[in-house]
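The structure under discussion appears below in the form of structure tokens.
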Amino acid sequence: MSQDIIIEDNYRLPPPEKVGREPGSFTSVIQGLVFTVDHKKLGLMYIASGLLFFVIAGSLATLMRIQLMVPDNTFLPPDVYNRAFTMHGTTMVFLVGMPIIFGFANYLVPLMIGARDMAFPRMYAFGFWVFFFSGLLLYFSYLGAPGIYGAGSAPDVGWFAYSPLTSKAFSRGHSTDYWTMSLLLGGIGSVSTSINILVTIFCCRCKGMTLGKMPLFVWLNLVMVFLVILALPCLSACQIMLSLDRYLGGTFFDTQAGGSAVLWQHFFWIFGHPEVYVLIMPAFAIASEVIPVFSRKPIFGYPVMVAASISIAFLSLGVWAHHMLTIGMSALGNTFFVISTLLVAIPTGIKIFNWLGTMYGGKLRMELPMLFCIMFLFQFLVAGLTGVMLAIAPFNWQLSDSYFVVAHFHYILIGGLLFTIFAGIYYWYPKAFGRMLDKRLGMAHLVFFTIGFHVTFLPQHFLGFLGMPRRIYTYQADRGWDLWNFVSTVGVVFQAIGILFLVANLIYSYVRGKKAGNDPWDAWTLEWATTSPPQDYNFAELPEVKSRRPLWDAKHPNDPDWKHE
Amino acid sequence: MSTVTNTTSDWKLPSPRKVGILTLILAESALFTIFVVAYVFYIGKSLNPPYPHQVLEFPWLGSIALFGSSGTIIAAERCLRSGNSKSFLIWWGLTLALGIYFVFFTATEWWKLIMVDGLTIATNTFGTSFYSLVGLHLFHVLVGLVLLSAVFVAAARKKIHADHHEHVEVISYYWHFVDCIWIVVLTVVYIISVRATYE
Amino acid sequence: MTMTKGARKNFGWILIAGFLATVMGSAYAQDGGEMRRVSDIFQPLSRQSEMILEPTMLVLLTSLGVFLVVTFMLVYVVWKFRRRGPEDDVVEPPQIYGSNNIELAWTVIPCLIVFVLVLVTARSIVEIQNAEMPPDALEIRLVGHQWWWEVHYPQLGIVTANEIHVPVSTRTGERRPTRIYLESADVIHSFWVPQLAGKTDLIPNRTNRTWIEPFETGTFFGNCAEYCGTQHANMLIRVIVQEPEDFQRWVENQQQPPPVPQSALALQGRADFESITCINCHAIDGTTAVGVFGPDLSKLMTRQTIAAGVAPLTPETLRAWLVDPQVMKPGANMPDMKLTDQQLDSIVAYLETLK
């Protein structure tokens, strides 16, 4: 490897003039955060702000569960409850899910492909700050939205904000405008970050790393950002149209003037369904790294995994109207979307089998990341199967907009995404901070959170079967919903305790954790080849790879991977 | 040019700028698709006049100017690549002028639509979908003009050289994209929708 | 659609569903009376809900099978191949990169399952959506409002609210299905009475259709199932299924204008009602009240509930409602009318005569 590396202008940004007295003082720390263009620092900032919003949105969910714990409860008035579920949904999707997955992608992709930084570091900082301020804008609505009309507060139209409920006639004040503007802004941030990740993957791979030799994590994030780039602009288009309607008197969704209420649903779900896969691809990505390493075997069927991910992404662009099977489409239209939706089950099933195939014949090390991934496999199986149920249009006519749907997508987003995010945190925390996370606190986190999760969301399937619609702030005592709602709320307590253990662990281990070393898990991808935490510009010397598991090759010179691939 | 080049290796990766702009164009296409679909969806659905066939005239001059500017920008790019900065400046200036003319043309068209025909964005679904689609395109033209002018000013101050070829090429990709969108808009708005019948 | 065959075929499913329902909802077994408050989709009591149950049970059993198989595989793999001790760290296990034959096997099996599900679902969609109604079927026009239901019987000239009355059918014998046309006056709502019919949305600027054909009498409970604003939770609907004679009696009563009030207080109430803004929103046959924004009150006292199911309709709840609707249903579009005590007495007395 030659040493004459040309580093582009981007890497020679003049260091900003230092303010503050000495390094470590408050002002210089703040300055470091604000001015940084380092992908590792920004990645951690993404994850940290995602976790911050996660705590806020989780608190909103807790308030809602308290309200629903008993029938005819008056803990929250209806308008406050409606704001809570709108903010909870919007926050969890746009301010928790997206930033955390971007954080992981941004932190790890350059390390895994042996690059020194993102392709456009300044654009990356831009993406982060735009996202961050879009979050602040959304929450500022609690103060700013009443406006001169004195009407409303935070948005209360639900996270998919069906028109015409969002029109001026039914949503007075500025709450919906805050929602719109925040999502428009957040969309710009997400798209710019995604473009950045995509360009980094295509243009900054180290020598020898062809597309077919990239770790699956990188592949799945590539698929993810492709979906963001295709889907997010559709949401932005929706928000632009809605703003035109609300501010300039446009009639896109004004049903009184010949506009169509259904058009919004189509446009929103053309974004909304790929968005679900945007959120689940990173879960697959983390599982595809963790499971092989702790099974001590390479991923089973790498090309098939890549192909399955691409076909899932492709199919996901054609299934949007399965969110709309109750709008009175023709039998033909309904059947089309049933077919396309069920087709998604095939590549998804293949992925699950491939993970099982990876574990088969291995020597499974039951460390925390692996345990979270095993729980992910189980929960994702459940979520996938309830998804198949929802795809059966007649069943969907009973289940859509019921608590069954709530249970289903929480199994996807918590049981699927969040569990793998936890796995990712336990797996890569040593890399990011140089210290291992504590095992006992981690086990407590795993046990409490898993129990809490199932106790909260399993009963919600039954509530759906019993005819409980979602988004109701109260219900009457004799509808048969009391017991399961009570159980569901009890589960929240366990989840909260689990999260407390996680937070405690993150802080405790930062100070007291066991020193990790460069490669604590005996893993195979390039991020473990550098120091923990990685040095500036990641690698002292740019690596060169010959296979999908460069560190395996280094550790087993007699039997390297590239002989078999 | 890759971000990190190893001078001795044959390890070639695509240029980040080009991949970046192409990806941005992909995202923008998705955005435009939604607006085009909305326009097509509302063809023939306005409840009250004016309807497209009553007020729209085919924008010959504006379209010729815009399509012509795609040609001039290619010429400018060629000149820059061959190191001829003077003719680069001329072709580039011509591109800029044609772009500005397109904006002027659209402004007069909108003036007529609003002041004479009484068609605003709030008049009917045709007005809403028309102004938003054409307006979104116009917004992209304006962004393109800002980029073109920046290069023009720099070139006039003799700061653009052959090794900026790629920067200029990226802008030209964007400009061609704006042109392609105009083909779609022309077809949908000025050819298809003026043939729609309204009750 | 051949009904007798369908019904027989459904019977097996219903048995299984009944078992599921018993296990899941045993705490809330129906009291056997008229009020069918627990709207369990596994206890369908109409032709449509029974038809829905058929693909439902198929997919549930298929999923259960897949779930058991894959969970078993997961548990087996995790248990069998767990690390047993430090000795396992010495040598790495055999490195297997994949196998095309195995990949093929676990691609084909899901494909077959999906294929079967698609066929069954497509048939069921067509049968339910394109079900043919007898030419003389009862028709209802149901209009959603923020947060109540306007019910029209165009063939019978009846207008009511929040309650649908329909005659009962039998599984094999006489069919008395009801065709329901769904519209909305403001935002999107959704009609869902699980034991009778799956959801269909009520969308402004669009007319949707559904149908119900109940097999048992009683009061069936349902909700608005699409979030429609502040009081979405209290947009409840009841379907009252009656023997044909009882239904006929209800129809005849509804077709009569309300009786002229007899007591002086009620007469005073009627005068009060007509002299304040009540009439801007409400209509009562035979009076000057012809408003369209609120429910038609002509036969108010024949209904079971007030304010779209918020409370049972009694003189006390009626009075409480009039004192301030925003207490019983915060956010409802009916404002606090600031009625005096005398007005309250008289108007309640008048409304009580609307039978």
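Chain labels A, B, ... are given in the sequence in which chains occur in the structure tokens; within each chain residues are numbered consecutively from 1, and ligands are likewise numbered from 1 in the order shown.
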List every residue of segment 149-353 of chain A that DSSP, applied to the backbone of this structure, assigns to helix (DSSP H, G or I), and report them as an MDAnalysis selection string. chainID A and resid 149 175:203 211:213 216:248 255:257 261:295 302:316 320:323 331:353
With C-alpha atoms retained, could you export that selection as a short mmCIF file (atom, residue, chain, number, x, y, z; two decimals), in the first residue's frame?
```cif
data_model
loop_
_atom_site.label_atom_id
_atom_site.label_comp_id
_atom_site.auth_asym_id
_atom_site.auth_seq_id
_atom_site.Cartn_x
_atom_site.Cartn_y
_atom_site.Cartn_z
CA TYR A 149 -56.45 32.14 16.12
CA SER A 175 -50.77 22.82 14.31
CA THR A 176 -50.98 21.04 10.96
CA ASP A 177 -48.61 23.60 9.45
CA TYR A 178 -45.99 22.77 12.05
CA TRP A 179 -46.41 19.11 11.22
CA THR A 180 -46.14 19.82 7.49
CA MET A 181 -43.14 22.10 7.71
CA SER A 182 -41.32 19.81 10.10
CA LEU A 183 -41.76 16.83 7.80
CA LEU A 184 -40.78 18.84 4.75
CA LEU A 185 -37.62 19.96 6.50
CA GLY A 186 -36.90 16.51 7.87
CA GLY A 187 -37.39 15.10 4.39
CA ILE A 188 -34.68 17.37 3.02
CA GLY A 189 -32.34 16.23 5.76
CA SER A 190 -33.12 12.55 5.19
CA VAL A 191 -32.68 12.75 1.43
CA SER A 192 -29.38 14.61 1.67
CA THR A 193 -28.04 12.14 4.22
CA SER A 194 -29.19 9.26 2.04
CA ILE A 195 -27.56 10.67 -1.07
CA ASN A 196 -24.41 11.03 0.96
CA ILE A 197 -24.47 7.42 2.15
CA LEU A 198 -25.18 6.18 -1.35
CA VAL A 199 -22.35 8.18 -2.88
CA THR A 200 -20.02 7.04 -0.11
CA ILE A 201 -20.84 3.41 -0.81
CA PHE A 202 -20.40 3.77 -4.54
CA CYS A 203 -17.36 6.01 -4.60
CA LEU A 211 -19.99 -4.48 -4.63
CA GLY A 212 -20.06 -8.25 -4.18
CA LYS A 213 -17.52 -8.10 -1.35
CA LEU A 216 -24.27 -7.23 4.09
CA PHE A 217 -24.68 -4.30 6.46
CA VAL A 218 -23.47 -2.00 3.71
CA TRP A 219 -25.61 -3.70 1.09
CA LEU A 220 -28.78 -3.42 3.14
CA ASN A 221 -28.08 0.21 3.94
CA LEU A 222 -27.56 0.82 0.26
CA VAL A 223 -31.01 -0.64 -0.42
CA MET A 224 -32.37 1.44 2.45
CA VAL A 225 -31.03 4.75 1.13
CA PHE A 226 -32.29 3.91 -2.35
CA LEU A 227 -35.75 3.56 -0.87
CA VAL A 228 -35.37 6.83 1.03
CA ILE A 229 -34.31 8.61 -2.15
CA LEU A 230 -37.29 7.24 -4.04
CA ALA A 231 -39.93 7.47 -1.31
CA LEU A 232 -39.16 10.56 0.78
CA PRO A 233 -39.68 13.01 -2.11
CA CYS A 234 -43.22 11.65 -2.43
CA LEU A 235 -43.83 12.69 1.16
CA SER A 236 -42.30 16.09 0.44
CA ALA A 237 -44.64 16.42 -2.54
CA CYS A 238 -47.58 15.65 -0.24
CA GLN A 239 -46.43 18.30 2.20
CA ILE A 240 -45.96 20.91 -0.53
CA MET A 241 -49.46 20.22 -1.83
CA LEU A 242 -50.93 20.39 1.64
CA SER A 243 -49.19 23.70 2.30
CA LEU A 244 -50.50 25.08 -1.00
CA ASP A 245 -53.98 24.01 0.06
CA ARG A 246 -53.70 25.54 3.48
CA TYR A 247 -51.96 28.77 2.59
CA LEU A 248 -52.83 29.64 -1.00
CA THR A 255 -63.38 17.83 -1.27
CA GLN A 256 -65.80 20.75 -1.41
CA ALA A 257 -64.06 22.08 -4.54
CA ALA A 261 -59.56 12.80 -0.26
CA VAL A 262 -58.28 9.49 -1.55
CA LEU A 263 -55.46 11.10 -3.53
CA TRP A 264 -53.68 12.05 -0.31
CA GLN A 265 -53.88 8.46 0.85
CA HIS A 266 -52.35 7.18 -2.37
CA PHE A 267 -49.54 9.74 -2.28
CA PHE A 268 -48.91 9.29 1.40
CA TRP A 269 -48.69 5.51 1.24
CA ILE A 270 -46.54 5.55 -1.89
CA PHE A 271 -44.13 7.10 0.54
CA GLY A 272 -45.42 5.33 3.61
CA HIS A 273 -45.00 1.74 2.65
CA PRO A 274 -41.43 1.98 1.36
CA GLU A 275 -40.81 3.90 4.58
CA VAL A 276 -41.65 0.75 6.53
CA TYR A 277 -38.94 -1.06 4.60
CA VAL A 278 -36.59 1.87 5.11
CA LEU A 279 -37.01 1.21 8.81
CA ILE A 280 -36.68 -2.56 8.63
CA MET A 281 -33.71 -2.81 6.24
CA PRO A 282 -31.27 -1.53 8.90
CA ALA A 283 -32.71 -4.15 11.26
CA PHE A 284 -31.84 -6.80 8.68
CA ALA A 285 -28.47 -5.10 8.28
CA ILE A 286 -27.56 -5.35 11.95
CA ALA A 287 -28.87 -8.92 12.24
CA SER A 288 -26.81 -9.88 9.19
CA GLU A 289 -23.65 -8.68 10.93
CA VAL A 290 -24.32 -9.91 14.44
CA ILE A 291 -25.70 -13.38 13.70
CA PRO A 292 -22.70 -14.60 11.64
CA VAL A 293 -20.12 -13.26 14.08
CA PHE A 294 -21.72 -14.89 17.11
CA SER A 295 -22.47 -18.08 15.19
CA TYR A 302 -24.86 -13.98 0.71
CA PRO A 303 -25.97 -13.47 -2.94
CA VAL A 304 -29.47 -14.67 -2.08
CA MET A 305 -29.65 -12.26 0.86
CA VAL A 306 -28.70 -9.38 -1.41
CA ALA A 307 -31.18 -10.43 -4.06
CA ALA A 308 -33.93 -10.89 -1.50
CA SER A 309 -33.32 -7.40 -0.09
CA ILE A 310 -33.42 -5.83 -3.51
CA SER A 311 -36.62 -7.64 -4.40
CA ILE A 312 -38.22 -6.62 -1.11
CA ALA A 313 -37.33 -3.01 -1.90
CA PHE A 314 -38.63 -3.33 -5.42
CA LEU A 315 -41.90 -4.96 -4.36
CA SER A 316 -42.38 -2.44 -1.58
CA TRP A 320 -48.98 0.92 -0.97
CA ALA A 321 -52.72 0.50 -1.33
CA HIS A 322 -52.81 -2.42 1.10
CA HIS A 323 -53.13 0.39 3.64
CA ALA A 331 -62.33 -6.11 -6.46
CA LEU A 332 -59.61 -6.11 -9.11
CA GLY A 333 -57.66 -3.32 -7.40
CA ASN A 334 -57.92 -5.04 -4.04
CA THR A 335 -56.77 -8.34 -5.52
CA PHE A 336 -53.76 -6.70 -7.17
CA PHE A 337 -52.55 -5.26 -3.90
CA VAL A 338 -53.21 -8.51 -2.07
CA ILE A 339 -51.00 -10.32 -4.57
CA SER A 340 -48.17 -7.79 -4.51
CA THR A 341 -48.24 -7.70 -0.72
CA LEU A 342 -48.16 -11.45 -0.34
CA LEU A 343 -45.23 -11.61 -2.75
CA VAL A 344 -43.18 -9.63 -0.23
CA ALA A 345 -43.55 -12.55 2.14
CA ILE A 346 -41.40 -14.75 -0.11
CA PRO A 347 -38.07 -12.85 0.01
CA THR A 348 -38.75 -12.02 3.64
CA GLY A 349 -39.17 -15.69 4.44
CA ILE A 350 -35.96 -16.46 2.57
CA LYS A 351 -34.10 -14.01 4.77
CA ILE A 352 -35.34 -15.61 7.97
CA PHE A 353 -34.33 -19.04 6.70
#
```
Do a neighbour search on Tyr51 of chain B at 7 Å with only C-alpha atoms, toss out local chain neighbours closer than 3 positions, and write the hits as a short mmCIF file (atom, residue, chain, number, x, y, z; two decimals) with N, CA and C atoms, in the first residue's frame.
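Here's the written file selection03.cif:
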```
data_model
loop_
_atom_site.label_atom_id
_atom_site.label_comp_id
_atom_site.auth_asym_id
_atom_site.auth_seq_id
_atom_site.Cartn_x
_atom_site.Cartn_y
_atom_site.Cartn_z
N GLN B 54 -59.40 26.29 -22.78
CA GLN B 54 -59.84 27.67 -22.97
C GLN B 54 -58.70 28.68 -22.80
N VAL B 55 -57.72 28.33 -21.98
CA VAL B 55 -56.74 29.36 -21.62
C VAL B 55 -55.30 29.03 -21.99
N PHE B 126 -57.86 22.44 -11.71
CA PHE B 126 -56.92 22.69 -12.80
C PHE B 126 -55.90 23.75 -12.40
#
```
Write out as a ChimeraX atom specification which residues come within 7 Å of Arg116 of chain A when counting only C-alpha atoms, dropping same-chain ones fewer than 6 positions away. /A:110,537-539
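From atom CA of Gln231 of chain C back to atom CA of Ser46 of chain C, the distance works out to 28.6 Å.
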Using only C-alpha atoms, determine which residues of chain A fall within 7 Å of chain C; present them as an NGL selection string. :A and (78-79 or 82 or 164-165 or 255 or 296-301 or 326-328 or 331 or 335 or 339 or 342 or 346 or 350 or 356 or 359-365 or 378 or 385 or 389 or 392-395 or 397-398 or 401 or 465-467 or 469 or 471-475 or 478-480)
Residues of chain B near chain A: apply a cut-off of 8 Å, count only C-alpha atoms, and supply the list as an NGL selection string. :B and (2-8 or 11 or 13-16 or 19-20 or 23-24 or 26-28 or 30-32 or 34-35 or 38 or 45-47 or 121-125 or 128-129 or 132)
Write to file, as a compact mmCIF listing (two decimals), in the first residue's frame, the residues of the selection just made, with N, CA and C atoms.
```txt
# COMPACT_ATOMS: atom_id res chain seq x y z
N SER B 2 -11.76 9.88 -7.58
CA SER B 2 -12.34 9.36 -6.35
C SER B 2 -11.76 10.14 -5.18
N THR B 3 -12.47 10.04 -4.08
CA THR B 3 -12.08 10.84 -2.94
C THR B 3 -10.67 10.51 -2.49
N VAL B 4 -10.38 9.23 -2.41
CA VAL B 4 -9.04 8.83 -2.01
C VAL B 4 -8.45 8.05 -3.17
N THR B 5 -7.48 8.61 -3.82
CA THR B 5 -6.91 7.91 -4.97
C THR B 5 -5.57 7.33 -4.59
N ASN B 6 -5.41 6.12 -4.97
CA ASN B 6 -4.11 5.50 -4.81
C ASN B 6 -3.41 5.64 -6.15
N THR B 7 -2.37 6.40 -6.16
CA THR B 7 -1.79 6.80 -7.44
C THR B 7 -1.25 5.63 -8.25
N THR B 8 -0.93 4.54 -7.56
CA THR B 8 -0.31 3.45 -8.30
C THR B 8 -1.30 2.36 -8.69
N TRP B 11 -7.46 0.70 -9.22
CA TRP B 11 -8.74 0.64 -8.51
C TRP B 11 -9.52 1.92 -8.79
N LEU B 13 -13.07 4.11 -9.06
CA LEU B 13 -14.43 4.21 -8.57
C LEU B 13 -15.08 5.41 -9.24
N PRO B 14 -16.40 5.41 -9.36
CA PRO B 14 -17.05 6.55 -10.01
C PRO B 14 -16.86 7.83 -9.22
N SER B 15 -17.03 8.94 -9.89
CA SER B 15 -16.82 10.22 -9.24
C SER B 15 -17.98 10.54 -8.30
N PRO B 16 -17.68 10.95 -7.07
CA PRO B 16 -18.75 11.27 -6.11
C PRO B 16 -19.68 12.36 -6.63
N VAL B 19 -22.11 10.78 -9.23
CA VAL B 19 -23.08 9.88 -8.59
C VAL B 19 -24.04 10.71 -7.74
N GLY B 20 -23.49 11.71 -7.06
CA GLY B 20 -24.34 12.55 -6.22
C GLY B 20 -25.42 13.25 -7.00
N THR B 23 -28.05 10.87 -8.25
CA THR B 23 -28.95 10.46 -7.18
C THR B 23 -29.94 11.56 -6.86
N LEU B 24 -29.45 12.78 -6.83
CA LEU B 24 -30.34 13.91 -6.57
C LEU B 24 -31.41 13.97 -7.64
N LEU B 26 -32.55 11.51 -9.32
CA LEU B 26 -33.49 10.43 -9.04
C LEU B 26 -34.54 10.89 -8.02
N ALA B 27 -34.07 11.52 -6.95
CA ALA B 27 -34.99 11.99 -5.91
C ALA B 27 -35.95 13.03 -6.47
N GLU B 28 -35.39 13.95 -7.27
CA GLU B 28 -36.24 15.00 -7.84
C GLU B 28 -37.28 14.39 -8.78
N ALA B 30 -38.72 11.55 -8.44
CA ALA B 30 -39.82 11.04 -7.62
C ALA B 30 -40.76 12.17 -7.23
N LEU B 31 -40.15 13.32 -6.86
CA LEU B 31 -40.96 14.47 -6.47
C LEU B 31 -41.86 14.91 -7.62
N PHE B 32 -41.26 15.02 -8.81
CA PHE B 32 -42.05 15.47 -9.96
C PHE B 32 -43.12 14.45 -10.32
N ILE B 34 -44.98 12.69 -8.51
CA ILE B 34 -46.20 12.88 -7.73
C ILE B 34 -46.99 14.06 -8.28
N PHE B 35 -46.29 15.15 -8.60
CA PHE B 35 -47.01 16.32 -9.11
C PHE B 35 -47.62 16.04 -10.48
N ALA B 38 -50.65 13.95 -9.95
CA ALA B 38 -51.75 14.77 -9.45
C ALA B 38 -52.38 15.56 -10.59
N LYS B 45 -61.48 17.14 -14.25
CA LYS B 45 -62.23 17.05 -13.00
C LYS B 45 -62.58 18.40 -12.41
N SER B 46 -62.14 19.51 -13.04
CA SER B 46 -62.46 20.81 -12.47
C SER B 46 -63.96 21.04 -12.49
N LEU B 47 -64.45 21.64 -11.41
CA LEU B 47 -65.89 21.86 -11.33
C LEU B 47 -66.31 23.15 -12.03
N ILE B 121 -54.33 29.88 -8.42
CA ILE B 121 -54.12 28.55 -7.83
C ILE B 121 -55.36 28.11 -7.06
N ALA B 122 -56.20 29.06 -6.65
CA ALA B 122 -57.37 28.71 -5.85
C ALA B 122 -58.64 28.62 -6.68
N THR B 123 -58.54 28.82 -8.01
CA THR B 123 -59.76 28.87 -8.82
C THR B 123 -60.44 27.50 -8.91
N ASN B 124 -59.68 26.50 -9.31
CA ASN B 124 -60.25 25.16 -9.43
C ASN B 124 -59.11 24.14 -9.37
N THR B 125 -59.44 22.87 -9.50
CA THR B 125 -58.38 21.86 -9.39
C THR B 125 -57.39 21.97 -10.55
N THR B 128 -54.98 24.68 -9.42
CA THR B 128 -54.09 24.19 -8.37
C THR B 128 -53.02 23.27 -8.94
N SER B 129 -53.45 22.29 -9.75
CA SER B 129 -52.46 21.32 -10.22
C SER B 129 -51.56 21.94 -11.29
N SER B 132 -49.00 24.40 -9.55
CA SER B 132 -48.02 23.71 -8.71
C SER B 132 -47.03 22.94 -9.57
```
Students should find that atom CA of Arg319 of chain C and atom CA of Glu252 of chain C are spaced 28.2 Å
Shell around Tyr429 of chain A at 10 Å using only C-alpha atoms, local window under 2 positions removed, as a PyMOL selection string: chain A and resi 423-427+431-437+506+509-510+516+532-533
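The interatomic distance for the pair atom CA of Lys299 of chain C and atom CA of Leu354 of chain C works out to 5.0 Å.
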So which residues touch segment 145-153 of chain B within 12 Å, counting only C-alpha atoms, skipping near sequence neighbours fewer than 3 positions away, as a PyMOL selection string? chain B and resi 66+69+73+76-77+85-86+88-103+138-142+156-161+164-165+167-175+178
Suppose we keep C-alpha atoms; can you now write the selection as a short mmCIF file (atom, residue, chain, number, x, y, z; two decimals), in the first residue's frame?
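After the write, out-v1.cif holds the following:
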```
data_model
loop_
_atom_site.label_atom_id
_atom_site.label_comp_id
_atom_site.auth_asym_id
_atom_site.auth_seq_id
_atom_site.Cartn_x
_atom_site.Cartn_y
_atom_site.Cartn_z
CA LEU B 66 -35.26 26.01 -22.83
CA SER B 69 -30.20 26.12 -23.70
CA ILE B 73 -24.64 24.21 -22.34
CA ALA B 76 -20.00 25.43 -23.43
CA GLU B 77 -18.89 22.26 -21.73
CA SER B 85 -12.34 29.70 -21.83
CA LYS B 86 -13.46 32.57 -24.01
CA PHE B 88 -16.95 28.82 -22.89
CA LEU B 89 -17.97 32.16 -21.44
CA ILE B 90 -20.00 33.01 -24.53
CA TRP B 91 -21.86 29.71 -24.72
CA TRP B 92 -22.42 29.74 -21.01
CA GLY B 93 -23.78 33.27 -21.13
CA LEU B 94 -26.09 32.25 -23.94
CA THR B 95 -27.39 29.37 -21.81
CA LEU B 96 -28.01 31.78 -18.99
CA ALA B 97 -29.81 34.21 -21.29
CA LEU B 98 -32.05 31.49 -22.72
CA GLY B 99 -32.90 30.34 -19.19
CA ILE B 100 -33.77 33.87 -18.18
CA TYR B 101 -35.90 34.22 -21.27
CA PHE B 102 -37.81 31.08 -20.30
CA VAL B 103 -38.58 32.56 -16.90
CA LEU B 138 -40.06 26.94 -12.71
CA PHE B 139 -38.55 26.80 -9.25
CA HIS B 140 -36.02 24.28 -10.54
CA VAL B 141 -35.24 26.55 -13.47
CA LEU B 142 -34.61 29.39 -11.03
CA ALA B 156 -16.05 36.24 -16.22
CA ARG B 157 -13.49 36.78 -13.47
CA LYS B 158 -11.35 34.12 -15.15
CA LYS B 159 -11.64 31.68 -12.29
CA ILE B 160 -12.98 28.72 -14.29
CA HIS B 161 -10.42 26.47 -15.88
CA HIS B 164 -13.25 22.60 -13.20
CA HIS B 165 -14.69 20.60 -16.00
CA HIS B 167 -18.09 20.90 -11.58
CA VAL B 168 -19.52 22.39 -14.72
CA GLU B 169 -20.61 19.00 -15.99
CA VAL B 170 -22.56 18.40 -12.80
CA ILE B 171 -24.45 21.65 -13.32
CA SER B 172 -25.14 20.70 -16.90
CA TYR B 173 -26.60 17.35 -15.76
CA TYR B 174 -28.99 19.26 -13.57
CA TRP B 175 -29.88 21.62 -16.41
CA VAL B 178 -34.79 20.41 -15.89
#
```
So which residues touch Ala383 of chain A within 10 Å, counting only C-alpha atoms, skipping near sequence neighbours fewer than 2 positions away, as number ranges by chain? A: 377-381, 385-389, 407-413, 415-416
List the neighbours of Phe128 of chain A out to 12 Å using only C-alpha atoms; skip same-chain residues closer than 5 positions along the sequence, and give me the result as a ChimeraX atom specification. /A:33-39,41-50,95,98-100,102-103,106,121-123,133-135,185-194,196
